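Below is entry.pdb, holding PDB, C-alpha atoms, pLDDT in the B column.
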```pdb
MODEL        1
ATOM      1  CA  MET A  22      81.676  81.568  97.277  1.00 75.00           C
ATOM      2  CA  ASP A  23      85.227  82.227  98.364  1.00 88.00           C
ATOM      3  CA  PRO A  24      85.649  86.020  98.152  1.00 86.00           C
ATOM      4  CA  VAL A  25      89.303  85.623  97.143  1.00 94.00           C
ATOM      5  CA  SER A  26      87.928  84.255  93.853  1.00 94.00           C
ATOM      6  CA  ALA A  27      86.795  87.820  92.990  1.00 96.00           C
ATOM      7  CA  VAL A  28      90.476  88.554  92.467  1.00 98.00           C
ATOM      8  CA  ASP A  29      91.408  87.778  88.874  1.00 98.00           C
ATOM      9  CA  PHE A  30      94.809  86.115  89.151  1.00 98.00           C
ATOM     10  CA  ALA A  31      94.341  84.259  85.848  1.00 97.00           C
ATOM     11  CA  LYS A  32      94.531  87.315  83.598  1.00 95.00           C
ATOM     12  CA  GLY A  33      98.063  88.129  84.767  1.00 94.00           C
ATOM     13  CA  GLY A  34      99.350  84.555  84.638  1.00 96.00           C
ATOM     14  CA  GLY A  35      98.739  83.944  88.348  1.00 97.00           C
ATOM     15  CA  PHE A  36      99.592  87.434  89.538  1.00 97.00           C
ATOM     16  CA  VAL A  37      97.880  90.721  90.304  1.00 98.00           C
ATOM     17  CA  THR A  38      99.450  94.131  90.814  1.00 98.00           C
ATOM     18  CA  ALA A  39      99.541  95.231  94.454  1.00 98.00           C
ATOM     19  CA  ILE A  40     100.006  98.875  95.413  1.00 98.00           C
ATOM     20  CA  ALA A  41     100.988  99.729  98.983  1.00 98.00           C
ATOM     21  CA  LEU A  42      99.970 103.081 100.448  1.00 98.00           C
ATOM     22  CA  ASP A  43     101.233 104.437 103.712  1.00 97.00           C
ATOM     23  CA  ASP A  44      98.105 104.409 105.866  1.00 97.00           C
ATOM     24  CA  ALA A  45      99.270 107.422 107.864  1.00 95.00           C
ATOM     25  CA  SER A  46     100.125 109.771 104.981  1.00 95.00           C
ATOM     26  CA  GLY A  47      98.227 108.191 102.069  1.00 95.00           C
ATOM     27  CA  ASP A  48     101.436 108.288  99.991  1.00 96.00           C
ATOM     28  CA  VAL A  49     102.162 105.501  97.547  1.00 98.00           C
ATOM     29  CA  LEU A  50     105.073 103.471  98.920  1.00 98.00           C
ATOM     30  CA  MET A  51     105.667 100.701  96.384  1.00 98.00           C
ATOM     31  CA  VAL A  52     104.180  98.414  93.768  1.00 98.00           C
ATOM     32  CA  ALA A  53     104.752  94.673  93.617  1.00 98.00           C
ATOM     33  CA  VAL A  54     102.839  91.549  92.614  1.00 97.00           C
ATOM     34  CA  MET A  55     100.846  89.031  94.603  1.00 98.00           C
ATOM     35  CA  ASN A  56      99.745  85.549  93.736  1.00 98.00           C
ATOM     36  CA  GLU A  57      96.855  83.840  95.486  1.00 98.00           C
ATOM     37  CA  GLU A  58      99.123  82.436  98.199  1.00 97.00           C
ATOM     38  CA  SER A  59     100.466  85.951  98.931  1.00 98.00           C
ATOM     39  CA  LEU A  60      96.986  87.328  99.372  1.00 97.00           C
ATOM     40  CA  ARG A  61      95.848  84.446 101.581  1.00 97.00           C
ATOM     41  CA  ARG A  62      98.930  84.743 103.788  1.00 97.00           C
ATOM     42  CA  THR A  63      98.401  88.509 104.029  1.00 98.00           C
ATOM     43  CA  LEU A  64      94.766  88.019 105.066  1.00 96.00           C
ATOM     44  CA  GLU A  65      95.660  85.277 107.561  1.00 96.00           C
ATOM     45  CA  THR A  66      98.607  86.997 109.218  1.00 97.00           C
ATOM     46  CA  GLY A  67      97.921  90.713 108.761  1.00 97.00           C
ATOM     47  CA  GLU A  68     101.511  90.986 107.493  1.00 98.00           C
ATOM     48  CA  VAL A  69     101.928  91.913 103.843  1.00 98.00           C
ATOM     49  CA  HIS A  70     103.256  89.112 101.654  1.00 98.00           C
ATOM     50  CA  TYR A  71     104.064  89.691  97.990  1.00 98.00           C
ATOM     51  CA  TRP A  72     105.497  87.342  95.408  1.00 98.00           C
ATOM     52  CA  SER A  73     109.142  87.952  94.530  1.00 96.00           C
ATOM     53  CA  ARG A  74     109.560  87.438  90.805  1.00 92.00           C
ATOM     54  CA  SER A  75     113.338  87.803  90.988  1.00 91.00           C
ATOM     55  CA  ARG A  76     113.634  85.128  93.685  1.00 94.00           C
ATOM     56  CA  GLY A  77     110.654  83.047  92.549  1.00 96.00           C
ATOM     57  CA  LYS A  78     109.197  82.751  96.045  1.00 97.00           C
ATOM     58  CA  LEU A  79     106.722  84.080  98.563  1.00 98.00           C
ATOM     59  CA  TRP A  80     108.075  87.342  99.952  1.00 97.00           C
ATOM     60  CA  HIS A  81     107.206  88.427 103.465  1.00 98.00           C
ATOM     61  CA  LYS A  82     107.914  92.124 102.922  1.00 97.00           C
ATOM     62  CA  GLY A  83     110.646  93.303 105.288  1.00 95.00           C
ATOM     63  CA  GLU A  84     111.754  89.778 106.255  1.00 93.00           C
ATOM     64  CA  GLU A  85     115.358  90.819 105.675  1.00 88.00           C
ATOM     65  CA  SER A  86     115.358  94.547 106.488  1.00 88.00           C
ATOM     66  CA  GLY A  87     112.809  94.396 109.329  1.00 92.00           C
ATOM     67  CA  HIS A  88     110.767  97.025 107.491  1.00 94.00           C
ATOM     68  CA  THR A  89     107.609  94.951 107.451  1.00 97.00           C
ATOM     69  CA  GLN A  90     104.132  96.120 106.516  1.00 98.00           C
ATOM     70  CA  ARG A  91     101.043  95.624 108.656  1.00 98.00           C
ATOM     71  CA  VAL A  92      97.928  95.617 106.534  1.00 98.00           C
ATOM     72  CA  LYS A  93      95.201  98.058 107.569  1.00 98.00           C
ATOM     73  CA  GLU A  94      92.800  98.026 104.619  1.00 98.00           C
ATOM     74  CA  ILE A  95      92.575  96.215 101.275  1.00 98.00           C
ATOM     75  CA  TYR A  96      90.721  97.427  98.175  1.00 98.00           C
ATOM     76  CA  LEU A  97      90.102  95.673  94.853  1.00 98.00           C
ATOM     77  CA  ASP A  98      89.666  97.469  91.536  1.00 98.00           C
ATOM     78  CA  CYS A  99      86.756  97.234  89.089  1.00 97.00           C
ATOM     79  CA  ASP A 100      88.180  94.446  86.946  1.00 96.00           C
ATOM     80  CA  GLY A 101      89.721  92.533  89.840  1.00 97.00           C
ATOM     81  CA  ASP A 102      93.336  92.588  88.702  1.00 97.00           C
ATOM     82  CA  THR A 103      94.816  95.187  91.067  1.00 98.00           C
ATOM     83  CA  LEU A 104      94.870  95.312  94.859  1.00 98.00           C
ATOM     84  CA  LEU A 105      95.412  98.457  96.893  1.00 98.00           C
ATOM     85  CA  LEU A 106      96.756  97.960 100.412  1.00 98.00           C
ATOM     86  CA  ARG A 107      96.827 100.608 103.097  1.00 98.00           C
ATOM     87  CA  VAL A 108      99.681  99.588 105.378  1.00 98.00           C
ATOM     88  CA  GLU A 109     101.522 100.587 108.487  1.00 98.00           C
ATOM     89  CA  GLN A 110     105.101 100.747 107.227  1.00 97.00           C
ATOM     90  CA  ARG A 111     107.378  99.649 110.073  1.00 96.00           C
ATOM     91  CA  GLY A 112     110.721 101.450 110.147  1.00 94.00           C
ATOM     92  CA  GLY A 113     109.392 104.072 107.760  1.00 92.00           C
ATOM     93  CA  ALA A 114     111.009 102.816 104.548  1.00 94.00           C
ATOM     94  CA  ALA A 115     109.424 100.647 101.868  1.00 96.00           C
ATOM     95  CA  CYS A 116     112.111 100.872  99.184  1.00 96.00           C
ATOM     96  CA  HIS A 117     115.133  98.576  98.919  1.00 93.00           C
ATOM     97  CA  THR A 118     117.200 101.742  98.333  1.00 95.00           C
ATOM     98  CA  GLY A 119     116.452 102.742 101.940  1.00 95.00           C
ATOM     99  CA  LYS A 120     114.124 105.500 100.811  1.00 96.00           C
ATOM    100  CA  ARG A 121     110.686 105.963 102.272  1.00 96.00           C
ATOM    101  CA  SER A 122     108.908 105.398  98.951  1.00 97.00           C
ATOM    102  CA  CYS A 123     109.983 103.785  95.691  1.00 98.00           C
ATOM    103  CA  PHE A 124     108.575 106.777  93.797  1.00 98.00           C
ATOM    104  CA  PHE A 125     111.386 109.202  94.574  1.00 98.00           C
ATOM    105  CA  ARG A 126     112.082 110.411  91.014  1.00 98.00           C
ATOM    106  CA  LYS A 127     109.945 113.313  89.865  1.00 98.00           C
ATOM    107  CA  TRP A 128     109.681 114.597  86.312  1.00 97.00           C
ATOM    108  CA  GLU A 129     110.774 118.235  86.294  1.00 96.00           C
ATOM    109  CA  ARG A 130     111.764 120.378  83.317  1.00 92.00           C
ATOM    110  CA  GLY A 131     112.312 117.430  81.025  1.00 92.00           C
ATOM    111  CA  GLY A 132     114.238 115.157  83.368  1.00 95.00           C
ATOM    112  CA  TRP A 133     114.047 113.086  86.561  1.00 97.00           C
ATOM    113  CA  VAL A 134     114.920 114.739  89.869  1.00 97.00           C
ATOM    114  CA  ASP A 135     115.603 112.612  92.963  1.00 96.00           C
ATOM    115  CA  LEU A 136     113.430 113.897  95.802  1.00 95.00           C
ATOM    116  CA  GLY A 137     113.820 110.770  97.940  1.00 93.00           C
ATOM    117  CA  GLU A 138     113.855 110.776 101.689  1.00 89.00           C
ATOM    118  CA  GLN A 139     116.657 108.452 102.848  1.00 95.00           C
ATOM    119  CA  VAL A 140     115.537 106.463 105.892  1.00 94.00           C
ATOM    120  CA  PHE A 141     118.261 103.811 106.101  1.00 92.00           C
ATOM    121  CA  ASP A 142     121.557 102.934 104.475  1.00 93.00           C
ATOM    122  CA  PRO A 143     120.999  99.778 102.383  1.00 91.00           C
ATOM    123  CA  LYS A 144     124.665  98.770 102.853  1.00 91.00           C
ATOM    124  CA  GLU A 145     124.111  98.624 106.611  1.00 90.00           C
ATOM    125  CA  VAL A 146     120.740  96.897 106.430  1.00 87.00           C
ATOM    126  CA  TYR A 147     121.435  94.340 103.727  1.00 84.00           C
ATOM    127  CA  GLY A 148     125.192  94.135 104.284  1.00 78.00           C
ATOM    128  CA  ARG A 149     125.930  94.531 100.570  1.00 61.00           C
TER     129      ARG A 149
ATOM    130  CA  MET B   8     120.524 111.038  77.184  1.00 75.00           C
ATOM    131  CA  ASP B   9     116.798 111.015  76.605  1.00 88.00           C
ATOM    132  CA  PRO B  10     115.245 110.915  80.108  1.00 86.00           C
ATOM    133  CA  VAL B  11     112.375 108.779  78.843  1.00 94.00           C
ATOM    134  CA  SER B  12     114.983 106.006  78.492  1.00 94.00           C
ATOM    135  CA  ALA B  13     115.104 105.810  82.318  1.00 96.00           C
ATOM    136  CA  VAL B  14     111.681 104.175  82.052  1.00 98.00           C
ATOM    137  CA  ASP B  15     112.102 100.431  81.638  1.00 98.00           C
ATOM    138  CA  PHE B  16     109.497  99.482  79.053  1.00 98.00           C
ATOM    139  CA  ALA B  17     111.457  96.406  77.962  1.00 97.00           C
ATOM    140  CA  LYS B  18     110.940  94.417  81.170  1.00 95.00           C
ATOM    141  CA  GLY B  19     107.152  94.443  80.738  1.00 94.00           C
ATOM    142  CA  GLY B  20     107.193  93.665  77.011  1.00 96.00           C
ATOM    143  CA  GLY B  21     106.882  97.324  76.012  1.00 97.00           C
ATOM    144  CA  PHE B  22     104.656  98.402  78.876  1.00 97.00           C
ATOM    145  CA  VAL B  23     104.908  99.900  82.348  1.00 98.00           C
ATOM    146  CA  THR B  24     102.255 100.100  85.019  1.00 98.00           C
ATOM    147  CA  ALA B  25     100.779 103.578  85.432  1.00 98.00           C
ATOM    148  CA  ILE B  26      98.918 104.590  88.583  1.00 98.00           C
ATOM    149  CA  ALA B  27      96.741 107.704  88.527  1.00 98.00           C
ATOM    150  CA  LEU B  28      96.174 109.636  91.739  1.00 98.00           C
ATOM    151  CA  ASP B  29      93.664 112.417  92.127  1.00 97.00           C
ATOM    152  CA  ASP B  30      95.892 115.445  92.633  1.00 97.00           C
ATOM    153  CA  ALA B  31      93.298 117.176  94.819  1.00 95.00           C
ATOM    154  CA  SER B  32      92.591 114.338  97.277  1.00 95.00           C
ATOM    155  CA  GLY B  33      95.644 112.076  96.787  1.00 95.00           C
ATOM    156  CA  ASP B  34      93.297 109.098  96.310  1.00 96.00           C
ATOM    157  CA  VAL B  35      94.239 106.345  93.883  1.00 98.00           C
ATOM    158  CA  LEU B  36      91.874 106.575  90.916  1.00 98.00           C
ATOM    159  CA  MET B  37      92.939 103.818  88.543  1.00 98.00           C
ATOM    160  CA  VAL B  38      95.767 101.657  87.236  1.00 98.00           C
ATOM    161  CA  ALA B  39      96.502 101.084  83.557  1.00 98.00           C
ATOM    162  CA  VAL B  40      99.524 100.544  81.315  1.00 97.00           C
ATOM    163  CA  MET B  41     101.564 102.909  79.182  1.00 98.00           C
ATOM    164  CA  ASN B  42     103.930 102.198  76.347  1.00 98.00           C
ATOM    165  CA  GLU B  43     106.593 104.676  75.270  1.00 98.00           C
ATOM    166  CA  GLU B  44     104.247 106.409  72.855  1.00 97.00           C
ATOM    167  CA  SER B  45     101.674 106.902  75.662  1.00 98.00           C
ATOM    168  CA  LEU B  46     104.251 108.529  77.886  1.00 98.00           C
ATOM    169  CA  ARG B  47     105.573 110.787  75.143  1.00 97.00           C
ATOM    170  CA  ARG B  48     102.078 111.894  74.178  1.00 97.00           C
ATOM    171  CA  THR B  49     101.260 112.557  77.842  1.00 98.00           C
ATOM    172  CA  LEU B  50     104.413 114.667  78.240  1.00 96.00           C
ATOM    173  CA  GLU B  51     103.781 116.560  74.992  1.00 96.00           C
ATOM    174  CA  THR B  52     100.102 117.302  75.500  1.00 97.00           C
ATOM    175  CA  GLY B  53      99.648 117.336  79.281  1.00 97.00           C
ATOM    176  CA  GLU B  54      96.678 114.992  78.730  1.00 98.00           C
ATOM    177  CA  VAL B  55      97.029 111.477  80.087  1.00 98.00           C
ATOM    178  CA  HIS B  56      97.358 108.792  77.410  1.00 98.00           C
ATOM    179  CA  TYR B  57      97.478 105.097  78.323  1.00 98.00           C
ATOM    180  CA  TRP B  58      97.668 102.039  76.122  1.00 98.00           C
ATOM    181  CA  SER B  59      94.434 100.100  75.796  1.00 96.00           C
ATOM    182  CA  ARG B  60      95.281  96.408  75.800  1.00 92.00           C
ATOM    183  CA  SER B  61      91.702  95.386  75.028  1.00 91.00           C
ATOM    184  CA  ARG B  62      91.537  97.665  71.980  1.00 94.00           C
ATOM    185  CA  GLY B  63      95.234  97.428  71.059  1.00 96.00           C
ATOM    186  CA  LYS B  64      95.641 101.160  70.607  1.00 97.00           C
ATOM    187  CA  LEU B  65      96.729 104.418  72.179  1.00 98.00           C
ATOM    188  CA  TRP B  66      94.060 105.516  74.636  1.00 97.00           C
ATOM    189  CA  HIS B  67      93.496 109.172  75.346  1.00 98.00           C
ATOM    190  CA  LYS B  68      91.813 108.697  78.711  1.00 97.00           C
ATOM    191  CA  GLY B  69      88.295 110.126  78.672  1.00 95.00           C
ATOM    192  CA  GLU B  70      88.158 110.446  74.880  1.00 93.00           C
ATOM    193  CA  GLU B  71      84.721 108.831  74.906  1.00 88.00           C
ATOM    194  CA  SER B  72      83.315 109.838  78.306  1.00 88.00           C
ATOM    195  CA  GLY B  73      84.831 113.339  78.430  1.00 92.00           C
ATOM    196  CA  HIS B  74      86.366 112.420  81.796  1.00 94.00           C
ATOM    197  CA  THR B  75      89.900 113.271  80.737  1.00 97.00           C
ATOM    198  CA  GLN B  76      92.921 113.570  83.008  1.00 98.00           C
ATOM    199  CA  ARG B  77      95.248 116.568  83.038  1.00 98.00           C
ATOM    200  CA  VAL B  78      98.680 115.553  84.285  1.00 98.00           C
ATOM    201  CA  LYS B  79     100.057 117.573  87.190  1.00 98.00           C
ATOM    202  CA  GLU B  80     103.088 115.561  88.318  1.00 98.00           C
ATOM    203  CA  ILE B  81     104.827 112.330  87.228  1.00 98.00           C
ATOM    204  CA  TYR B  82     106.988 110.074  89.405  1.00 98.00           C
ATOM    205  CA  LEU B  83     109.052 107.025  88.474  1.00 98.00           C
ATOM    206  CA  ASP B  84     109.817 104.162  90.833  1.00 98.00           C
ATOM    207  CA  CYS B  85     113.214 102.777  91.840  1.00 97.00           C
ATOM    208  CA  ASP B  86     113.445 100.113  89.157  1.00 96.00           C
ATOM    209  CA  GLY B  87     111.832 102.221  86.440  1.00 97.00           C
ATOM    210  CA  ASP B  88     108.877  99.979  85.647  1.00 97.00           C
ATOM    211  CA  THR B  89     106.042 101.905  87.290  1.00 98.00           C
ATOM    212  CA  LEU B  90     104.861 105.475  86.788  1.00 98.00           C
ATOM    213  CA  LEU B  91     102.773 107.435  89.264  1.00 98.00           C
ATOM    214  CA  LEU B  92     100.731 110.289  87.833  1.00 98.00           C
ATOM    215  CA  ARG B  93      99.049 112.991  89.864  1.00 98.00           C
ATOM    216  CA  VAL B  94      96.146 114.161  87.727  1.00 98.00           C
ATOM    217  CA  GLU B  95      93.279 116.580  87.631  1.00 98.00           C
ATOM    218  CA  GLN B  96      90.348 114.247  86.966  1.00 97.00           C
ATOM    219  CA  ARG B  97      87.861 116.134  84.821  1.00 96.00           C
ATOM    220  CA  GLY B  98      84.238 115.250  85.548  1.00 94.00           C
ATOM    221  CA  GLY B  99      85.253 113.585  88.778  1.00 92.00           C
ATOM    222  CA  ALA B 100      85.126 109.953  87.688  1.00 94.00           C
ATOM    223  CA  ALA B 101      88.017 107.781  86.528  1.00 96.00           C
ATOM    224  CA  CYS B 102      86.292 104.392  86.401  1.00 96.00           C
ATOM    225  CA  HIS B 103      84.366 103.012  83.428  1.00 93.00           C
ATOM    226  CA  THR B 104      81.641 102.007  85.912  1.00 95.00           C
ATOM    227  CA  GLY B 105      80.985 105.740  86.470  1.00 95.00           C
ATOM    228  CA  LYS B 106      82.515 105.591  89.923  1.00 96.00           C
ATOM    229  CA  ARG B 107      85.067 108.114  91.093  1.00 96.00           C
ATOM    230  CA  SER B 108      87.800 105.514  91.621  1.00 97.00           C
ATOM    231  CA  CYS B 109      88.262 101.981  90.331  1.00 98.00           C
ATOM    232  CA  PHE B 110      89.111 100.835  93.874  1.00 98.00           C
ATOM    233  CA  PHE B 111      85.578 100.836  95.237  1.00 98.00           C
ATOM    234  CA  ARG B 112      85.569  97.333  96.747  1.00 98.00           C
ATOM    235  CA  LYS B 113      86.894  97.130 100.298  1.00 98.00           C
ATOM    236  CA  TRP B 114      87.729  93.948 102.171  1.00 97.00           C
ATOM    237  CA  GLU B 115      85.563  93.828 105.300  1.00 96.00           C
ATOM    238  CA  ARG B 116      84.810  90.836 107.531  1.00 92.00           C
ATOM    239  CA  GLY B 117      85.953  88.308 104.968  1.00 92.00           C
ATOM    240  CA  GLY B 118      84.273  89.766 101.887  1.00 95.00           C
ATOM    241  CA  TRP B 119      84.183  92.679  99.457  1.00 97.00           C
ATOM    242  CA  VAL B 120      81.923  95.649 100.225  1.00 97.00           C
ATOM    243  CA  ASP B 121      81.105  98.201  97.524  1.00 96.00           C
ATOM    244  CA  LEU B 122      81.854 101.676  98.869  1.00 95.00           C
ATOM    245  CA  GLY B 123      81.916 103.347  95.454  1.00 93.00           C
ATOM    246  CA  GLU B 124      80.779 106.884  94.852  1.00 90.00           C
ATOM    247  CA  GLN B 125      78.679 106.916  91.666  1.00 95.00           C
ATOM    248  CA  VAL B 126      79.483 110.021  89.604  1.00 94.00           C
ATOM    249  CA  PHE B 127      77.821 109.163  86.296  1.00 93.00           C
ATOM    250  CA  ASP B 128      75.588 106.500  84.794  1.00 93.00           C
ATOM    251  CA  PRO B 129      77.684 104.508  82.306  1.00 92.00           C
ATOM    252  CA  LYS B 130      74.592 103.700  80.219  1.00 91.00           C
ATOM    253  CA  GLU B 131      74.053 107.423  79.623  1.00 90.00           C
ATOM    254  CA  VAL B 132      77.718 108.240  79.002  1.00 87.00           C
ATOM    255  CA  TYR B 133      78.682 105.288  76.822  1.00 84.00           C
ATOM    256  CA  GLY B 134      75.204 104.577  75.456  1.00 79.00           C
ATOM    257  CA  ARG B 135      75.505 100.891  76.167  1.00 61.00           C
TER     258      ARG B 135
ENDMDL
END
```
If you convert what's in this file into structure tokens, what do you get?
Amino acid sequence: MDPVSAVDFAKGGGFVTAIALDDASGDVLMVAVMNEESLRRTLETGEVHYWSRSRGKLWHKGEESGHTQRVKEIYLDCDGDTLLLRVEQRGGAACHTGKRSCFFRKWERGGWVDLGEQVFDPKEVYGR
Amino acid sequence: MDPVSAVDFAKGGGFVTAIALDDASGDVLMVAVMNEESLRRTLETGEVHYWSRSRGKLWHKGEESGHTQRVKEIYLDCDGDTLLLRVEQRGGAACHTGKRSCFFRKWERGGWVDLGEQVFDPKEVYGR
């Protein structure tokens, strides 16, 4: 049996949730979705590929910014609809805002506080 | 402005993805969804509440097993559709299988290997 079939893409309409952790620190970097093609390309190349819902296409993470992700380990959850990837984050930033992690807002005293670590300037990297 | 409105429930049809991390170890325990009521109840009580899609109701995590989650910190991602919760996992197991984490299957040599740490016997806890 093809082990990729243990991943339940059907439940989410062809997609599963994919969480990327920084392999060095264990911190959560980002959450995106993968379809079966994304997972197969990730397994084949060792480079993390998600599916971009906004662009409707396979998304080689970092293809534009150069902040690619090298996959180190992959885990699957109990019901098969979420993947957890431990990655080497090249360039040190996973977020399109230029911050290290997408989870830079922390709930404190009834509001959100930005604790983000700015790694790059998105205007310089994306030119917009 | 109500800070809960920074969370984009609309994009996911009333739901956001919620990731629970073990506050002590930093390990990812589980992934579920929250609606606005879940988040408000979690903020009010300090006890993690998700939304159970299978049962169609508010889900006080651990209400049946006793393995509740006390919220320690909450983070919101860049586009507001994913929450990250650092929790104190009471009883030591987050997964309905009785394992510590839901992410117990690891990709190794082209297949999934079960590395789960069994904390309780689900037959004893759920009586089924």
Inset, instruction - Run through the PyMOL selection byres ((chain B and resi 111) around 6) on the given coordinates and return the selected residues as number ranges by chain. - result: B: 109-110, 112, 121-123
Since chain B and chain A share a sequence, can you fit the second onto the first over all C-alpha atoms in order and output it as a tab-separated table (two decimals) with C-alpha atoms, in the frame of the given file?
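Dumped everything to out30.tsv:
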```tsv
chain	number	residue	atom	x	y	z
A	22	MET	CA	120.52	111.08	77.16
A	23	ASP	CA	116.80	111.01	76.60
A	24	PRO	CA	115.25	110.93	80.09
A	25	VAL	CA	112.37	108.78	78.84
A	26	SER	CA	114.98	106.02	78.48
A	27	ALA	CA	115.10	105.81	82.31
A	28	VAL	CA	111.69	104.18	82.04
A	29	ASP	CA	112.12	100.43	81.63
A	30	PHE	CA	109.51	99.49	79.04
A	31	ALA	CA	111.47	96.40	77.97
A	32	LYS	CA	110.95	94.42	81.17
A	33	GLY	CA	107.16	94.44	80.74
A	34	GLY	CA	107.19	93.67	77.02
A	35	GLY	CA	106.88	97.33	76.01
A	36	PHE	CA	104.65	98.41	78.86
A	37	VAL	CA	104.92	99.90	82.33
A	38	THR	CA	102.26	100.11	85.02
A	39	ALA	CA	100.79	103.59	85.43
A	40	ILE	CA	98.92	104.59	88.58
A	41	ALA	CA	96.75	107.71	88.53
A	42	LEU	CA	96.17	109.64	91.74
A	43	ASP	CA	93.67	112.41	92.13
A	44	ASP	CA	95.89	115.45	92.64
A	45	ALA	CA	93.30	117.17	94.82
A	46	SER	CA	92.59	114.33	97.27
A	47	GLY	CA	95.64	112.08	96.80
A	48	ASP	CA	93.30	109.09	96.32
A	49	VAL	CA	94.24	106.36	93.88
A	50	LEU	CA	91.87	106.59	90.90
A	51	MET	CA	92.95	103.82	88.54
A	52	VAL	CA	95.77	101.67	87.23
A	53	ALA	CA	96.50	101.09	83.56
A	54	VAL	CA	99.52	100.55	81.32
A	55	MET	CA	101.57	102.90	79.18
A	56	ASN	CA	103.93	102.20	76.35
A	57	GLU	CA	106.59	104.67	75.27
A	58	GLU	CA	104.23	106.41	72.86
A	59	SER	CA	101.67	106.90	75.67
A	60	LEU	CA	104.25	108.53	77.89
A	61	ARG	CA	105.58	110.79	75.13
A	62	ARG	CA	102.07	111.90	74.17
A	63	THR	CA	101.27	112.55	77.84
A	64	LEU	CA	104.41	114.67	78.25
A	65	GLU	CA	103.78	116.55	74.99
A	66	THR	CA	100.09	117.29	75.50
A	67	GLY	CA	99.65	117.33	79.28
A	68	GLU	CA	96.68	114.99	78.72
A	69	VAL	CA	97.04	111.47	80.08
A	70	HIS	CA	97.36	108.79	77.42
A	71	TYR	CA	97.49	105.11	78.33
A	72	TRP	CA	97.68	102.05	76.13
A	73	SER	CA	94.44	100.09	75.81
A	74	ARG	CA	95.29	96.41	75.82
A	75	SER	CA	91.71	95.39	75.05
A	76	ARG	CA	91.54	97.67	72.00
A	77	GLY	CA	95.22	97.41	71.07
A	78	LYS	CA	95.64	101.16	70.63
A	79	LEU	CA	96.73	104.42	72.18
A	80	TRP	CA	94.06	105.52	74.65
A	81	HIS	CA	93.50	109.19	75.34
A	82	LYS	CA	91.82	108.70	78.72
A	83	GLY	CA	88.31	110.13	78.67
A	84	GLU	CA	88.17	110.46	74.87
A	85	GLU	CA	84.74	108.82	74.92
A	86	SER	CA	83.31	109.84	78.30
A	87	GLY	CA	84.85	113.33	78.42
A	88	HIS	CA	86.37	112.43	81.79
A	89	THR	CA	89.90	113.26	80.74
A	90	GLN	CA	92.93	113.57	82.99
A	91	ARG	CA	95.27	116.55	83.05
A	92	VAL	CA	98.69	115.55	84.28
A	93	LYS	CA	100.07	117.57	87.19
A	94	GLU	CA	103.09	115.55	88.33
A	95	ILE	CA	104.83	112.34	87.23
A	96	TYR	CA	106.99	110.09	89.41
A	97	LEU	CA	109.06	107.03	88.48
A	98	ASP	CA	109.82	104.16	90.84
A	99	CYS	CA	113.22	102.76	91.85
A	100	ASP	CA	113.44	100.10	89.16
A	101	GLY	CA	111.84	102.21	86.44
A	102	ASP	CA	108.88	99.97	85.65
A	103	THR	CA	106.03	101.91	87.30
A	104	LEU	CA	104.87	105.48	86.78
A	105	LEU	CA	102.79	107.44	89.26
A	106	LEU	CA	100.73	110.30	87.83
A	107	ARG	CA	99.05	112.99	89.87
A	108	VAL	CA	96.16	114.16	87.72
A	109	GLU	CA	93.29	116.57	87.63
A	110	GLN	CA	90.36	114.25	86.96
A	111	ARG	CA	87.85	116.13	84.81
A	112	GLY	CA	84.23	115.25	85.54
A	113	GLY	CA	85.27	113.59	88.79
A	114	ALA	CA	85.12	109.96	87.67
A	115	ALA	CA	88.02	107.79	86.51
A	116	CYS	CA	86.28	104.40	86.40
A	117	HIS	CA	84.36	103.03	83.41
A	118	THR	CA	81.64	102.03	85.91
A	119	GLY	CA	80.97	105.74	86.48
A	120	LYS	CA	82.51	105.61	89.93
A	121	ARG	CA	85.05	108.12	91.11
A	122	SER	CA	87.78	105.52	91.63
A	123	CYS	CA	88.25	101.98	90.33
A	124	PHE	CA	89.10	100.85	93.87
A	125	PHE	CA	85.56	100.84	95.23
A	126	ARG	CA	85.55	97.34	96.76
A	127	LYS	CA	86.87	97.13	100.29
A	128	TRP	CA	87.71	93.95	102.16
A	129	GLU	CA	85.55	93.82	105.29
A	130	ARG	CA	84.82	90.84	107.52
A	131	GLY	CA	85.92	88.30	104.96
A	132	GLY	CA	84.25	89.74	101.88
A	133	TRP	CA	84.18	92.68	99.45
A	134	VAL	CA	81.92	95.63	100.22
A	135	ASP	CA	81.11	98.19	97.51
A	136	LEU	CA	81.85	101.66	98.88
A	137	GLY	CA	81.90	103.34	95.46
A	138	GLU	CA	80.80	106.88	94.84
A	139	GLN	CA	78.69	106.92	91.66
A	140	VAL	CA	79.48	110.02	89.60
A	141	PHE	CA	77.81	109.16	86.29
A	142	ASP	CA	75.58	106.51	84.78
A	143	PRO	CA	77.70	104.50	82.31
A	144	LYS	CA	74.58	103.70	80.23
A	145	GLU	CA	74.06	107.42	79.64
A	146	VAL	CA	77.71	108.21	79.00
A	147	TYR	CA	78.67	105.27	76.83
A	148	GLY	CA	75.19	104.57	75.47
A	149	ARG	CA	75.45	100.85	76.24
```
Inset, instruction - Tell me, as a ChimeraX atom specification, which residues lie within 12 Å of A:Asp29, counting only C-alpha atoms; anything in the same chain fewer than 2 positions away does not count. - result: /A:24-27,31-38,55-57,60,97-104
Legend entry - Atomic separation - atom CA of A:Trp128 relative to atom CA of B:Val78, Å: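 Interatomic distance, atom CA of B:Val78 to atom CA of A:Trp128: 11.2 Å.
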Inset, instruction - Would you translate the PyMOL selection byres ((chain B and resi 104) around 12) into the concrete set of residues it matches in this file, as JSON, numbers by chain? - result: {"A": [98, 99, 100], "B": [37, 72, 100, 101, 102, 103, 105, 106, 107, 108, 109, 110, 111, 123, 124, 125, 126, 127, 128, 129, 130, 131, 132, 133, 135]}
Inset, instruction - Enter the distance from atom CA of A:Trp80 to atom CA of A:Asp48, in Å, rounded to one decimal. - result: 22.0 Å
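You can rank B:Met8, B:Leu28, B:Leu65, B:Val14 by their closest distance to B:Leu92 using all atoms listed in the file, and at the top of that list sits B:Leu28.
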